[in-house]
file model-v2.tsv (TSV, C-alpha atoms and all ligand atoms)
chain	number	residue	atom	x	y	z
A	13	MET	CA	214.97	29.10	281.05
A	14	GLU	CA	214.54	28.89	284.75
A	15	GLU	CA	211.30	28.38	286.53
A	16	ARG	CA	210.77	29.49	290.06
A	17	ALA	CA	209.36	26.81	292.28
A	18	GLU	CA	207.32	28.77	294.74
A	19	ASP	CA	205.46	25.94	296.36
A	20	THR	CA	208.43	23.88	297.40
A	21	LYS	CA	206.44	21.90	299.90
A	22	GLY	CA	203.93	20.94	297.26
A	23	GLN	CA	201.22	21.94	299.66
A	24	PHE	CA	199.17	24.80	298.44
A	25	ASN	CA	196.67	25.80	301.01
A	26	ALA	CA	194.33	28.66	300.22
A	27	GLU	CA	194.30	29.61	303.88
A	28	MET	CA	198.08	29.91	303.90
A	29	THR	CA	198.04	32.58	301.28
A	30	GLU	CA	195.08	34.52	302.56
A	31	MET	CA	196.41	37.89	303.55
A	32	LEU	CA	194.61	39.74	306.28
A	33	ARG	CA	195.28	43.10	307.79
A	34	CYS	CA	195.91	43.31	311.50
A	35	LYS	CA	193.39	45.42	313.33
A	36	ARG	CA	196.07	46.61	315.73
A	37	CYS	CA	199.20	47.32	313.72
A	38	ASN	CA	197.49	47.45	310.33
A	39	LEU	CA	200.09	45.24	308.73
A	40	PRO	CA	199.20	42.52	306.27
A	41	TYR	CA	199.72	39.04	307.63
A	42	VAL	CA	198.89	35.43	306.93
A	43	SER	CA	196.12	34.21	309.18
A	44	SER	CA	197.58	30.74	309.59
A	45	ARG	CA	200.82	32.27	310.89
A	46	SER	CA	199.12	34.37	313.51
A	47	THR	CA	199.86	33.47	317.11
A	48	SER	CA	196.71	35.20	318.25
A	49	ALA	CA	193.66	33.28	319.32
A	50	LEU	CA	191.79	35.75	317.13
A	51	ARG	CA	193.92	35.04	314.11
A	52	LEU	CA	191.43	36.60	311.76
A	53	THR	CA	191.73	39.90	313.59
A	54	TYR	CA	195.28	40.19	314.86
A	55	CYS	CA	198.62	39.23	313.38
A	56	SER	CA	200.02	38.07	316.68
A	57	LEU	CA	199.27	37.45	320.30
A	58	PHE	CA	201.11	40.66	321.10
A	59	CYS	CA	198.68	42.73	319.05
A	60	GLU	CA	195.75	40.89	320.56
A	61	LEU	CA	197.02	41.63	324.06
A	62	SER	CA	197.79	45.25	323.24
A	63	ASP	CA	194.42	45.91	321.71
A	64	LEU	CA	192.20	44.00	324.10
A	65	GLY	CA	194.29	44.39	327.22
A	66	PHE	CA	194.07	40.64	327.72
A	67	SER	CA	194.36	37.49	325.70
A	68	MET	CA	191.39	35.38	324.76
A	69	ASP	CA	193.36	32.31	325.79
A	70	ALA	CA	194.08	33.73	329.20
A	71	LEU	CA	190.45	34.71	329.58
A	72	GLU	CA	189.33	31.18	328.80
A	73	HIS	CA	191.76	29.76	331.33
A	74	MET	CA	190.61	32.25	333.92
A	75	GLN	CA	187.02	31.26	333.39
A	76	LYS	CA	187.87	27.58	333.56
A	77	ASN	CA	189.98	27.91	336.69
A	78	GLU	CA	187.57	30.15	338.49
A	79	PRO	CA	185.59	28.02	340.87
A	80	VAL	CA	181.98	28.89	340.43
A	81	GLY	CA	180.34	29.28	343.77
A	82	ALA	CA	183.08	27.37	345.57
A	83	ASP	CA	183.44	30.15	348.09
A	84	GLU	CA	179.75	30.26	348.59
A	85	ALA	CA	179.65	27.09	350.61
A	86	PRO	CA	176.46	26.98	352.61
A	87	LYS	CA	177.32	27.78	356.15
A	88	GLU	CA	175.33	26.55	359.02
A	89	PRO	CA	174.09	29.46	361.05
A	90	VAL	CA	176.23	29.48	364.13
A	91	ALA	CA	174.10	29.59	367.20
A	92	ILE	CA	175.64	31.99	369.60
A	93	ASP	CA	174.52	31.18	373.04
A	101	ZN	ZN	199.49	43.25	314.42

call {"tool": "encode", "arguments": {"input": "model-v2.tsv", "output": "structure tokens"}}
result
Amino acid sequence: MEERAEDTKGQFNAEMTEMLRCKRCNLPYVSSRSTSALRLTYCSLFCELSDLGFSMDALEHMQKNEPVGADEAPKEPVAID
């Protein structure tokens, strides 16, 4: 008799085995393996990018890097004489 050891790592995480279906490519995937920031929606970053047209990560970085009101420095009215 031979028994198959499926959990070789001895770590059985419920999240690891939770199969979701990608909104973009409609393929089943494991959420913890997803490279997407929206891992509960897309199987990979590629699908996230393809579906949204941008990545949530990139959007966050853009918002962080965008100087709010930095260009709107108060300018002294130049008196033209
Ligand atoms: Zn996908």

call {"tool": "residues_near_point", "arguments": {"input": "model-v2.tsv", "point": "(198.5, 43.2, 312.7)", "cutoff": "8 Å", "atoms": "all atoms listed in the file", "output": "number ranges by chain"}}
result
A: 33-41, 53-56, 59

call {"tool": "atom_distance", "arguments": {"input": "model-v2.tsv", "atom1": "atom CA of Met31 of chain A", "atom2": "atom CA of Arg51 of chain A"}}
result
11.2 Å

call {"tool": "closest_residue", "arguments": {"input": "model-v2.tsv", "among": "A:Leu32, A:Leu50, A:Ala91, A:Val42", "to": "Asp69 of chain A", "atoms": "only C-alpha atoms"}}
result
A:Leu50

call {"tool": "closest_residue", "arguments": {"input": "model-v2.tsv", "among": "A:Glu30, A:Val90, A:Phe58, A:Arg45", "to": "ligand ZN 101 (chain A)", "atoms": "all atoms listed in the file"}}
result
A:Phe58

call {"tool": "closest_residue", "arguments": {"input": "model-v2.tsv", "among": "A:Glu60, A:Ala49, A:Ser44, A:Phe66", "to": "ligand ZN 101 (chain A)", "atoms": "only C-alpha atoms and all ligand atoms"}}
result
A:Glu60

call {"tool": "atom_distance", "arguments": {"input": "model-v2.tsv", "atom1": "atom CA of Gln75 of chain A", "atom2": "atom CA of Glu88 of chain A"}}
result
28.6 Å

call {"tool": "atom_distance", "arguments": {"input": "model-v2.tsv", "atom1": "atom ZN of ligand ZN 101 (chain A)", "atom2": "atom CA of Ser46 of chain A"}}
result
8.9 Å
